[in-house]
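Shown next: entry-v3.cif, containing mmCIF, C-alpha atoms.
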data_data
loop_
_atom_site.label_atom_id
_atom_site.label_comp_id
_atom_site.auth_asym_id
_atom_site.auth_seq_id
_atom_site.Cartn_x
_atom_site.Cartn_y
_atom_site.Cartn_z
CA MET A 1 2.25 4.99 -23.56
CA PHE A 2 2.89 8.67 -22.82
CA GLN A 3 5.13 10.94 -20.82
CA THR A 4 4.26 11.82 -17.23
CA ALA A 5 5.22 15.45 -17.86
CA ASP A 6 2.76 15.66 -20.77
CA MET A 7 0.04 14.11 -18.66
CA PHE A 8 0.46 16.76 -15.98
CA LYS A 9 0.34 19.51 -18.63
CA ALA A 10 -2.96 18.12 -19.88
CA PHE A 11 -4.30 17.84 -16.32
CA ALA A 12 -3.21 21.27 -15.08
CA PRO A 13 -5.98 23.40 -16.65
CA TYR A 14 -8.61 21.28 -14.87
CA ARG A 15 -7.05 21.20 -11.41
CA GLY A 16 -9.30 23.96 -10.10
CA ASN A 17 -8.89 24.36 -6.36
CA ALA A 18 -8.22 20.70 -5.69
CA VAL A 19 -5.63 19.38 -3.28
CA VAL A 20 -3.06 17.50 -5.38
CA ILE A 21 -0.86 14.71 -4.04
CA PRO A 22 1.56 14.31 -6.95
CA GLY A 23 3.28 11.13 -5.79
CA ARG A 24 6.27 9.80 -7.68
CA GLY A 25 5.68 12.05 -10.67
CA GLY A 26 5.82 15.14 -8.52
CA ARG A 27 8.91 16.62 -10.10
CA HIS A 28 6.87 17.20 -13.26
CA TRP A 29 4.01 18.83 -11.38
CA ILE A 30 5.75 21.12 -8.98
CA ASN A 31 6.67 23.75 -11.59
CA LEU A 32 3.27 23.61 -13.29
CA SER A 33 1.18 24.12 -10.20
CA ASP A 34 -0.33 27.52 -9.50
CA LYS A 35 -1.41 26.54 -5.97
CA PRO A 36 1.69 25.21 -4.22
CA ASP A 37 0.06 25.44 -0.81
CA ARG A 38 -2.50 22.89 -2.00
CA ASP A 39 0.14 20.52 -3.32
CA VAL A 40 1.23 17.66 -1.08
CA PRO A 41 4.51 16.29 -2.48
CA LEU A 42 5.36 13.98 0.38
CA GLY A 43 8.12 12.08 -1.37
CA ASP A 44 7.96 8.50 -0.19
CA PRO A 45 7.12 8.19 3.52
CA ALA A 46 6.65 4.43 3.09
CA MET A 47 5.89 2.72 -0.20
CA GLY A 48 2.32 1.56 -0.71
CA GLY A 49 0.63 4.08 1.54
CA HIS A 50 -0.29 6.99 -0.70
CA ALA A 51 -3.78 5.70 -1.52
CA SER A 52 -4.70 5.23 2.13
CA PHE A 53 -3.22 8.61 3.05
CA ALA A 54 -5.29 10.27 0.34
CA LEU A 55 -8.38 8.39 1.51
CA GLY A 56 -7.86 9.68 5.02
CA LEU A 57 -7.45 13.22 3.77
CA ALA A 58 -10.56 12.91 1.60
CA LEU A 59 -12.63 11.61 4.53
CA ALA A 60 -11.38 14.34 6.84
CA ARG A 61 -12.15 17.01 4.26
CA PRO A 62 -15.26 15.95 2.36
CA ASP A 63 -15.74 19.45 0.97
CA GLU A 64 -12.35 19.46 -0.75
CA LYS A 65 -11.52 17.66 -3.99
CA ILE A 66 -8.55 15.36 -3.33
CA ILE A 67 -6.52 14.22 -6.36
CA LEU A 68 -3.83 11.56 -5.96
CA PHE A 69 -1.23 10.52 -8.54
CA ASP A 70 -0.32 7.06 -7.31
CA SER A 71 1.94 4.47 -8.92
CA GLU A 72 1.38 0.84 -9.87
CA GLY A 73 4.21 -0.26 -7.60
CA ASP A 74 2.47 1.39 -4.67
CA ILE A 75 -0.86 -0.17 -5.64
CA LEU A 76 0.68 -3.63 -5.82
CA MET A 77 2.27 -3.21 -2.42
CA ASN A 78 -1.04 -2.43 -0.74
CA MET A 79 -3.81 -3.56 -3.05
CA GLY A 80 -6.12 -4.09 -0.10
CA ALA A 81 -6.52 -0.34 0.13
CA LEU A 82 -8.79 -0.38 -2.92
CA PRO A 83 -11.82 -2.11 -1.32
CA THR A 84 -11.48 0.17 1.70
CA ILE A 85 -11.62 3.23 -0.56
CA ALA A 86 -14.57 1.79 -2.45
CA GLU A 87 -16.42 0.97 0.76
CA LYS A 88 -15.94 4.45 2.22
CA ASP A 89 -17.05 5.86 -1.13
CA PRO A 90 -15.50 9.35 -0.87
CA LYS A 91 -17.24 11.48 -3.49
CA ASN A 92 -14.30 13.91 -3.47
CA PHE A 93 -11.50 11.41 -4.24
CA TYR A 94 -9.80 11.03 -7.64
CA HIS A 95 -7.27 8.23 -7.83
CA PHE A 96 -4.87 8.42 -10.78
CA VAL A 97 -2.19 5.77 -11.24
CA LEU A 98 1.03 6.21 -13.20
CA ASP A 99 1.76 2.72 -14.55
CA ASN A 100 5.27 2.56 -15.98
CA GLY A 101 5.51 -1.20 -15.44
CA VAL A 102 8.74 -1.01 -13.47
CA TYR A 103 10.30 -0.06 -10.16
CA ALA A 104 11.87 3.05 -11.66
CA THR A 105 13.62 4.27 -8.55
CA THR A 106 15.49 1.02 -8.04
CA GLY A 107 16.83 0.63 -11.55
CA GLY A 108 13.81 -0.32 -13.66
CA GLN A 109 13.09 -3.90 -12.67
CA PRO A 110 9.61 -4.96 -13.89
CA VAL A 111 6.75 -5.18 -11.41
CA PRO A 112 5.08 -8.62 -11.21
CA ASN A 113 3.21 -9.51 -14.40
CA ALA A 114 3.75 -5.97 -15.67
CA GLU A 115 2.63 -6.71 -19.22
CA ASN A 116 -0.70 -8.27 -18.35
CA ILE A 117 -2.11 -6.73 -15.21
CA GLN A 118 -5.19 -4.47 -15.56
CA TYR A 119 -5.38 -2.06 -12.66
CA ASP A 120 -8.68 -0.55 -13.76
CA VAL A 121 -10.26 -4.01 -13.72
CA ILE A 122 -8.93 -4.59 -10.20
CA ALA A 123 -10.32 -1.23 -9.08
CA LYS A 124 -13.67 -1.99 -10.68
CA GLY A 125 -13.74 -5.36 -8.98
CA SER A 126 -12.89 -3.70 -5.68
CA GLY A 127 -15.98 -1.55 -6.01
CA TYR A 128 -14.87 1.76 -7.54
CA PRO A 129 -17.93 3.05 -9.38
CA SER A 130 -15.94 4.75 -12.17
CA THR A 131 -12.74 3.47 -13.74
CA TYR A 132 -10.69 4.45 -16.76
CA ALA A 133 -7.56 3.19 -18.52
CA PHE A 134 -5.49 5.20 -20.98
CA ASP A 135 -2.46 4.29 -23.04
CA ASN A 136 -2.22 7.48 -25.10
CA LEU A 137 -2.17 11.15 -24.24
CA GLU A 138 -4.88 12.23 -26.66
CA ASP A 139 -7.50 10.00 -25.08
CA PHE A 140 -6.48 11.10 -21.62
CA ALA A 141 -6.63 14.76 -22.56
CA ASN A 142 -10.04 14.31 -24.15
CA ASN A 143 -11.46 12.72 -21.01
CA ILE A 144 -9.83 14.55 -18.10
CA GLU A 145 -12.57 17.17 -17.81
CA GLU A 146 -15.29 14.51 -17.67
CA ILE A 147 -13.32 12.44 -15.17
CA LEU A 148 -12.98 15.33 -12.76
CA SER A 149 -16.65 16.23 -13.09
CA LYS A 150 -17.78 12.79 -11.93
CA PRO A 151 -18.46 11.97 -8.30
CA GLY A 152 -15.69 9.97 -6.72
CA PRO A 153 -14.14 7.69 -6.07
CA VAL A 154 -12.82 7.59 -9.63
CA PHE A 155 -9.89 5.40 -10.64
CA VAL A 156 -7.74 6.24 -13.68
CA THR A 157 -4.76 4.16 -14.74
CA MET A 158 -2.32 5.47 -17.35
CA LYS A 159 0.50 3.73 -19.19
CA VAL A 160 3.46 6.07 -18.86
CA VAL A 161 7.07 5.94 -20.03
CA PRO A 162 9.48 4.75 -17.30
CA GLU A 163 11.94 7.31 -15.99
CA VAL A 164 14.50 5.01 -14.48
CA GLU A 165 16.88 6.30 -11.84
CA ASN A 166 20.14 4.45 -11.35
CA VAL A 167 21.86 7.01 -9.14
CA PRO A 168 22.20 5.90 -5.51
CA ILE A 169 19.52 7.46 -3.33
CA GLY A 170 21.99 9.59 -1.41
CA GLN A 171 23.21 11.21 -4.63
CA ARG A 172 19.84 12.08 -6.14
CA VAL A 173 18.80 15.69 -6.55
CA ARG A 174 15.88 16.60 -4.31
CA TRP A 175 13.11 18.18 -6.41
CA GLN A 176 10.79 19.19 -3.59
CA LYS A 177 10.94 22.90 -2.80
CA LYS A 178 9.77 22.55 0.80
CA THR A 179 10.28 20.17 3.65
CA ARG A 180 7.54 17.67 4.40
CA ASP A 181 6.67 19.50 7.61
CA GLN A 182 6.36 22.81 5.76
CA THR A 183 4.25 21.18 3.06
CA ILE A 184 1.77 19.92 5.65
CA ALA A 185 1.77 23.19 7.56
CA ASP A 186 1.05 25.17 4.38
CA LEU A 187 -1.75 22.79 3.41
CA GLN A 188 -3.37 22.97 6.83
CA LYS A 189 -3.17 26.75 6.85
CA ASP A 190 -4.74 26.93 3.42
CA LEU A 191 -7.52 24.46 4.30
CA GLY A 192 -8.32 26.17 7.58
CA PRO A 193 -10.05 24.49 10.52
CA ARG A 194 -11.96 21.28 9.86
CA LYS A 195 -15.72 21.43 10.22
CA SER A 196 -16.80 18.89 12.80
CA MET B 1 -20.97 -15.08 30.66
CA ALA B 2 -21.05 -13.36 34.04
CA ASP B 3 -19.14 -10.17 34.70
CA GLN B 4 -15.62 -10.91 35.77
CA GLU B 5 -13.99 -8.90 38.49
CA GLY B 6 -11.30 -6.79 36.94
CA GLY B 7 -12.82 -7.15 33.48
CA PHE B 8 -12.68 -4.59 30.74
CA SER B 9 -15.89 -3.13 29.35
CA PRO B 10 -15.90 -2.07 25.71
CA GLN B 11 -18.14 0.83 26.71
CA THR B 12 -15.25 2.14 28.77
CA ILE B 13 -13.15 2.46 25.65
CA ILE B 14 -15.99 4.06 23.71
CA ASP B 15 -16.37 6.60 26.50
CA HIS B 16 -12.67 7.43 26.36
CA LEU B 17 -12.69 7.77 22.58
CA LYS B 18 -15.59 10.20 22.79
CA ALA B 19 -14.07 12.11 25.70
CA ASN B 20 -10.91 12.59 23.63
CA ASN B 21 -12.83 13.80 20.58
CA VAL B 22 -11.89 10.88 18.34
CA THR B 23 -13.57 11.17 14.95
CA HIS B 24 -12.48 7.99 13.13
CA VAL B 25 -11.54 4.46 14.17
CA VAL B 26 -9.23 2.78 11.67
CA TRP B 27 -9.69 -0.87 12.38
CA LEU B 28 -8.95 -4.46 11.51
CA PRO B 29 -10.73 -7.25 13.36
CA ASP B 30 -9.06 -9.09 16.17
CA SER B 31 -10.34 -11.44 18.79
CA GLU B 32 -9.42 -9.17 21.69
CA THR B 33 -11.51 -6.24 20.52
CA ASN B 34 -14.45 -7.87 18.78
CA PHE B 35 -17.00 -6.77 21.35
CA LEU B 36 -15.74 -3.23 21.02
CA TYR B 37 -16.42 -3.35 17.29
CA VAL B 38 -20.04 -4.25 17.88
CA LEU B 39 -20.48 -1.14 20.00
CA LEU B 40 -18.48 1.05 17.64
CA GLN B 41 -20.86 0.23 14.82
CA GLU B 42 -23.68 1.63 16.89
CA GLU B 43 -21.86 4.82 17.89
CA PRO B 44 -22.85 7.63 15.51
CA SER B 45 -20.05 9.99 16.52
CA LEU B 46 -17.32 7.58 15.38
CA ASP B 47 -16.65 6.74 11.73
CA LEU B 48 -15.27 3.22 11.30
CA ILE B 49 -12.74 2.61 8.54
CA ALA B 50 -12.06 -1.07 7.94
CA VAL B 51 -8.66 -1.91 6.46
CA SER B 52 -7.45 -5.26 5.17
CA ARG B 53 -3.85 -5.04 6.36
CA GLU B 54 -2.68 -3.12 9.38
CA GLY B 55 -0.06 -1.08 7.53
CA GLN B 56 -2.92 0.69 5.75
CA ALA B 57 -4.19 1.88 9.10
CA PHE B 58 -1.13 4.05 9.64
CA SER B 59 -1.23 5.84 6.29
CA THR B 60 -5.01 6.25 6.58
CA ALA B 61 -4.66 7.75 10.04
CA SER B 62 -1.93 10.03 8.73
CA GLY B 63 -4.22 11.44 6.06
CA LEU B 64 -7.05 11.88 8.53
CA SER B 65 -4.83 13.71 10.98
CA VAL B 66 -3.30 15.99 8.35
CA GLY B 67 -6.87 16.83 7.33
CA GLY B 68 -7.73 17.87 10.87
CA ALA B 69 -9.61 14.76 12.03
CA LYS B 70 -8.64 12.74 15.10
CA PRO B 71 -8.21 9.04 14.32
CA VAL B 72 -7.43 6.13 16.57
CA ILE B 73 -5.97 2.87 15.28
CA LEU B 74 -7.45 -0.38 16.59
CA ILE B 75 -5.44 -3.46 15.64
CA GLN B 76 -3.90 -6.63 17.05
CA ASN B 77 -0.23 -6.95 17.99
CA THR B 78 0.29 -9.36 15.09
CA GLY B 79 -0.68 -6.55 12.72
CA LEU B 80 1.48 -4.08 14.55
CA LEU B 81 4.47 -6.33 13.92
CA GLU B 82 3.58 -6.37 10.23
CA SER B 83 3.29 -2.59 10.03
CA GLY B 84 6.76 -1.38 10.91
CA ASP B 85 7.55 0.61 7.78
CA SER B 86 4.15 2.30 7.63
CA LEU B 87 4.40 3.17 11.31
CA ARG B 88 7.85 4.64 10.73
CA GLY B 89 7.09 6.58 7.58
CA TRP B 90 3.45 7.60 7.75
CA VAL B 91 3.03 8.27 11.45
CA MET B 92 6.37 8.77 13.21
CA GLY B 93 8.02 10.48 10.25
CA MET B 94 5.06 12.79 9.77
CA ASN B 95 4.63 13.64 13.45
CA ILE B 96 1.12 12.26 13.70
CA PRO B 97 -0.33 12.26 17.23
CA VAL B 98 -2.29 9.02 17.16
CA VAL B 99 -3.18 6.44 19.78
CA LEU B 100 -2.76 2.81 18.78
CA MET B 101 -5.09 0.47 20.64
CA VAL B 102 -3.45 -2.90 20.29
CA GLY B 103 -4.97 -6.24 21.22
CA TYR B 104 -2.23 -8.01 23.16
CA ARG B 105 -2.63 -11.50 21.76
CA GLY B 106 -0.81 -14.16 23.70
CA TRP B 107 -0.11 -12.07 26.77
CA THR B 108 -0.89 -13.20 30.29
CA ARG B 109 -0.12 -11.48 33.56
CA HIS B 110 1.64 -14.62 34.73
CA GLY B 111 4.62 -14.00 32.49
CA VAL B 112 3.89 -17.02 30.34
CA ASP B 113 3.14 -16.00 26.77
CA THR B 114 0.75 -18.24 24.95
CA ASP B 115 1.78 -16.88 21.56
CA THR B 116 5.04 -15.46 20.18
CA ALA B 117 3.11 -12.39 19.06
CA ALA B 118 3.15 -11.38 22.72
CA THR B 119 6.80 -12.29 23.10
CA TYR B 120 7.88 -9.65 20.58
CA THR B 121 5.29 -6.91 21.07
CA GLU B 122 7.02 -4.84 23.72
CA HIS B 123 10.43 -5.41 22.12
CA PHE B 124 8.96 -4.00 18.92
CA LEU B 125 7.60 -0.93 20.68
CA HIS B 126 10.92 -0.37 22.44
CA ALA B 127 12.77 -0.65 19.13
CA PHE B 128 10.64 2.14 17.68
CA GLY B 129 10.79 4.17 20.86
CA ILE B 130 7.02 4.16 21.25
CA LYS B 131 5.61 4.78 24.70
CA TYR B 132 2.91 2.32 25.71
CA TYR B 133 0.44 1.65 28.49
CA LEU B 134 -1.02 -1.70 29.50
CA VAL B 135 -4.75 -1.76 30.13
CA GLU B 136 -6.27 -4.93 31.54
CA SER B 137 -9.45 -3.74 33.17
CA ASP B 138 -11.74 -0.78 33.71
CA ALA B 139 -9.58 0.13 36.67
CA ASP B 140 -6.68 0.84 34.27
CA ALA B 141 -8.75 2.83 31.82
CA ASP B 142 -7.47 6.23 32.89
CA ARG B 143 -4.25 5.27 31.12
CA ILE B 144 -6.12 5.71 27.86
CA ALA B 145 -6.53 9.41 28.58
CA VAL B 146 -2.85 9.60 29.48
CA ALA B 147 -2.00 8.01 26.13
CA PHE B 148 -4.04 10.61 24.26
CA GLU B 149 -2.37 13.42 26.19
CA ARG B 150 1.08 12.08 25.49
CA ALA B 151 0.40 11.55 21.79
CA GLU B 152 -0.78 15.14 21.50
CA SER B 153 2.09 16.64 23.45
CA THR B 154 4.79 14.67 21.61
CA LYS B 155 3.15 14.59 18.16
CA GLN B 156 4.01 10.92 18.04
CA PRO B 157 2.12 7.62 18.26
CA VAL B 158 1.44 6.14 21.69
CA ALA B 159 0.22 2.58 22.20
CA VAL B 160 -2.37 1.16 24.57
CA LEU B 161 -1.93 -2.58 24.96
CA ILE B 162 -5.22 -4.30 25.68
CA GLY B 163 -4.34 -7.19 27.95
CA ASP B 164 -5.75 -10.57 27.07
CA GLU B 165 -5.89 -11.98 30.57
CA PHE B 166 -9.62 -12.39 30.25
CA HIS B 167 -9.57 -13.15 26.54
CA GLY B 168 -10.64 -9.68 25.61
CA PHE B 169 -13.47 -7.57 26.84
CA VAL B 170 -16.01 -8.75 29.32
CA GLN B 171 -19.24 -9.62 27.59
CA ARG B 172 -21.66 -7.67 29.79
CA ASN B 173 -24.84 -9.06 28.36
CA PRO B 174 -24.73 -12.24 26.31
CA ASN B 175 -28.01 -11.34 24.61
CA GLN B 176 -26.71 -7.99 23.46
CA TYR B 177 -24.19 -9.27 20.95
#
As structure tokens, how would this structure be written, given the file I've shared?
Amino acid sequence: MFQTADMFKAFAPYRGNAVVIPGRGGRHWINLSDKPDRDVPLGDPAMGGHASFALGLALARPDEKIILFDSEGDILMNMGALPTIAEKDPKNFYHFVLDNGVYATTGGQPVPNAENIQYDVIAKGSGYPSTYAFDNLEDFANNIEEILSKPGPVFVTMKVVPEVENVPIGQRVRWQKKTRDQTIADLQKDLGPRKS
Amino acid sequence: MADQEGGFSPQTIIDHLKANNVTHVVWLPDSETNFLYVLLQEEPSLDLIAVSREGQAFSTASGLSVGGAKPVILIQNTGLLESGDSLRGWVMGMNIPVVLMVGYRGWTRHGVDTDTAATYTEHFLHAFGIKYYLVESDADADRIAVAFERAESTKQPVAVLIGDEFHGFVQRNPNQY
């Protein structure tokens, strides 16, 4: 098990020009990123939808590398997204999952069967051609360059330390630097018009 | 099956999707739109994305739209009822101009619902403040273009309810499918 912040530090040198959807670990990414207009910290529009959103973005922009940092709670809420991703087979899609085993934003209650579930096996069974699972930072850091050099869709699950929040939602400090609308506008400006 | 007067041709919908520059159809099977699916598979200008629960359709469409594509969502009203939070967060909350083509299971023009899915469909759309248009036949099909225009001008989802009076689309040629 390793820290999300350390994972992002290991990932950062290999980001290249990719679009990054940092998901629930975004607070640790936002100050590391050197391309904020290509970051898509959406917060939580509706739980369980990040993977499908990233798929849509990857299909709309096949020439751009799309990197998602999803969570196991989101995966569990919409596991049916995995076969859709595998079927569409986006070569530019990299699907990382932060597995802390709990619903961290609601107080740290465990997700169903947290100790035994194998997300990489589920992804493999759904049809992802490349899957990885890491439970220590050194292995992750040693493999990140290879992972990002493979054709997608690639699935990578990582056991990370829970960062439980017990403060009521209305009292939490907002870590995003931009509104959601501004985030999307900046991304679209940076990407430019879509090739039909 | 012979053509029925007032029937709805799936080709009519395909024509409207193409006329409105739709790029992707995010879809889950339903009995009202099955014949449309057969034609969609044969239409090279439209990329079909099959989802396994309707809520996925909204987040998928959101990503497509943010990326500059033009999706349409093709689902049944049962799935629409299931999808409330995704509709709220991924489409309405992100100002996504998308048309939802919704098979209106259980609806009849006689005011007698044959399924509670129909009973709640329009209440659901009203609750979310989503404008909708009922399309029963080719004669109503211009409403599809109106739906696309409204979605674009409001940057919000607009629904087209596909009436089930004739149990879905007219099967023009029984040997074709």
- Please, which residues of chain A lie no more than 7 Å from chain B when the count uses all atoms listed in the file, and can they be set out as an MDAnalysis selection string? chainID A and resid 45:46 49 52:57 59:61 80:81 84 184 194
Keeping only C-alpha atoms, take the residues you just selected and write them out as a short mmCIF file (atom, residue, chain, number, x, y, z; two decimals), keeping the file's coordinate frame.
data_model
loop_
_atom_site.label_atom_id
_atom_site.label_comp_id
_atom_site.auth_asym_id
_atom_site.auth_seq_id
_atom_site.Cartn_x
_atom_site.Cartn_y
_atom_site.Cartn_z
CA PRO A 45 7.12 8.19 3.52
CA ALA A 46 6.65 4.43 3.09
CA GLY A 49 0.63 4.08 1.54
CA SER A 52 -4.70 5.23 2.13
CA PHE A 53 -3.22 8.61 3.05
CA ALA A 54 -5.29 10.27 0.34
CA LEU A 55 -8.38 8.39 1.51
CA GLY A 56 -7.86 9.68 5.02
CA LEU A 57 -7.45 13.22 3.77
CA LEU A 59 -12.63 11.61 4.53
CA ALA A 60 -11.38 14.34 6.84
CA ARG A 61 -12.15 17.01 4.26
CA GLY A 80 -6.12 -4.09 -0.10
CA ALA A 81 -6.52 -0.34 0.13
CA THR A 84 -11.48 0.17 1.70
CA ILE A 184 1.77 19.92 5.65
CA ARG A 194 -11.96 21.28 9.86
#
- Item | Target residues per the PyMOL selection byres ((chain B and resi 78) around 9), formatted as a list in words | Glu54, Ile75, Gln76, Asn77, Gly79, Leu80, Leu81, Glu82, Ser83, Gly103, Tyr104, Arg105, Ala117, Ala118 and Thr121 of chain B
For the residues in the current selection, export C-alpha atoms as a PDB file, keeping the file's coordinate frame.
ATOM      1  CA  GLU B  54      -2.680  -3.120   9.380  1.00  0.00           C
ATOM      2  CA  ILE B  75      -5.440  -3.460  15.640  1.00  0.00           C
ATOM      3  CA  GLN B  76      -3.900  -6.630  17.050  1.00  0.00           C
ATOM      4  CA  ASN B  77      -0.230  -6.950  17.990  1.00  0.00           C
ATOM      5  CA  GLY B  79      -0.680  -6.550  12.720  1.00  0.00           C
ATOM      6  CA  LEU B  80       1.480  -4.080  14.550  1.00  0.00           C
ATOM      7  CA  LEU B  81       4.470  -6.330  13.920  1.00  0.00           C
ATOM      8  CA  GLU B  82       3.580  -6.370  10.230  1.00  0.00           C
ATOM      9  CA  SER B  83       3.290  -2.590  10.030  1.00  0.00           C
ATOM     10  CA  GLY B 103      -4.970  -6.240  21.220  1.00  0.00           C
ATOM     11  CA  TYR B 104      -2.230  -8.010  23.160  1.00  0.00           C
ATOM     12  CA  ARG B 105      -2.630 -11.500  21.760  1.00  0.00           C
ATOM     13  CA  ALA B 117       3.110 -12.390  19.060  1.00  0.00           C
ATOM     14  CA  ALA B 118       3.150 -11.380  22.720  1.00  0.00           C
ATOM     15  CA  THR B 121       5.290  -6.910  21.070  1.00  0.00           C
TER      16      THR B 121
END
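Note that the spacing between CA of Val167 in chain A and CA of Gly108 in chain A amounts to 11.8 Å.
Residues surrounding range 145-151 of chain A within 10 Å are A:Ala10, A:Phe11, A:Pro13, A:Tyr14, A:Arg15, A:Gly16, A:Lys65, A:Ile67, A:Asp89, A:Pro90, A:Lys91, A:Asn92, A:Phe93, A:Tyr94, A:Pro129, A:Ser130, A:Thr131, A:Tyr132 [only C-alpha atoms; sequence separation below 6 positions excluded].
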- Task: Please evaluate the PyMOL selection byres ((chain B and resi 131-138) around 7) against the displayed coordinates and give the resulting residues as an MDAnalysis selection string.
- Result: chainID B and resid 6:9 12 129:130 139:141 143 158:163
Kindly write range 154-168 of chain A with N, CA and C atoms to a file, as a PDB file, in the first residue's frame.
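Output file decode.pdb is given in full below:
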ATOM      1  N   VAL A 154      -5.448   0.303 -21.207  1.00  0.00           N
ATOM      2  CA  VAL A 154      -4.644  -0.328 -20.156  1.00  0.00           C
ATOM      3  C   VAL A 154      -5.318  -0.046 -18.819  1.00  0.00           C
ATOM      4  N   PHE A 155      -5.367  -1.065 -17.970  1.00  0.00           N
ATOM      5  CA  PHE A 155      -6.001  -0.938 -16.655  1.00  0.00           C
ATOM      6  C   PHE A 155      -4.935  -1.176 -15.590  1.00  0.00           C
ATOM      7  N   VAL A 156      -4.865  -0.257 -14.630  1.00  0.00           N
ATOM      8  CA  VAL A 156      -3.848  -0.345 -13.572  1.00  0.00           C
ATOM      9  C   VAL A 156      -4.518  -0.084 -12.230  1.00  0.00           C
ATOM     10  N   THR A 157      -4.544  -1.074 -11.364  1.00  0.00           N
ATOM     11  CA  THR A 157      -5.109  -0.859 -10.035  1.00  0.00           C
ATOM     12  C   THR A 157      -3.993  -0.782  -9.000  1.00  0.00           C
ATOM     13  N   MET A 158      -4.163   0.135  -8.049  1.00  0.00           N
ATOM     14  CA  MET A 158      -3.105   0.401  -7.060  1.00  0.00           C
ATOM     15  C   MET A 158      -3.706   0.456  -5.668  1.00  0.00           C
ATOM     16  N   LYS A 159      -3.097  -0.261  -4.743  1.00  0.00           N
ATOM     17  CA  LYS A 159      -3.537  -0.215  -3.347  1.00  0.00           C
ATOM     18  C   LYS A 159      -2.947   1.031  -2.694  1.00  0.00           C
ATOM     19  N   VAL A 160      -3.822   1.965  -2.349  1.00  0.00           N
ATOM     20  CA  VAL A 160      -3.349   3.219  -1.754  1.00  0.00           C
ATOM     21  C   VAL A 160      -3.921   3.399  -0.345  1.00  0.00           C
ATOM     22  N   VAL A 161      -3.234   4.240   0.413  1.00  0.00           N
ATOM     23  CA  VAL A 161      -3.621   4.493   1.806  1.00  0.00           C
ATOM     24  C   VAL A 161      -4.882   5.371   1.835  1.00  0.00           C
ATOM     25  N   PRO A 162      -5.901   4.971   2.596  1.00  0.00           N
ATOM     26  CA  PRO A 162      -7.117   5.806   2.662  1.00  0.00           C
ATOM     27  C   PRO A 162      -6.829   7.183   3.262  1.00  0.00           C
ATOM     28  N   GLU A 163      -7.464   8.178   2.715  1.00  0.00           N
ATOM     29  CA  GLU A 163      -7.410   9.531   3.275  1.00  0.00           C
ATOM     30  C   GLU A 163      -8.843   9.917   3.626  1.00  0.00           C
ATOM     31  N   VAL A 164      -9.241   9.501   4.802  1.00  0.00           N
ATOM     32  CA  VAL A 164     -10.647   9.603   5.182  1.00  0.00           C
ATOM     33  C   VAL A 164     -11.005  11.030   5.574  1.00  0.00           C
ATOM     34  N   GLU A 165     -12.149  11.470   5.043  1.00  0.00           N
ATOM     35  CA  GLU A 165     -12.659  12.796   5.385  1.00  0.00           C
ATOM     36  C   GLU A 165     -13.908  12.628   6.250  1.00  0.00           C
ATOM     37  N   ASN A 166     -13.891  13.255   7.408  1.00  0.00           N
ATOM     38  CA  ASN A 166     -15.067  13.193   8.272  1.00  0.00           C
ATOM     39  C   ASN A 166     -15.762  14.539   8.418  1.00  0.00           C
ATOM     40  N   VAL A 167     -15.212  15.551   7.759  1.00  0.00           N
ATOM     41  CA  VAL A 167     -15.825  16.877   7.821  1.00  0.00           C
ATOM     42  C   VAL A 167     -17.066  16.891   6.919  1.00  0.00           C
ATOM     43  N   PRO A 168     -18.162  17.460   7.377  1.00  0.00           N
ATOM     44  CA  PRO A 168     -19.337  17.552   6.503  1.00  0.00           C
ATOM     45  C   PRO A 168     -18.993  18.223   5.172  1.00  0.00           C
TER      46      PRO A 168
END
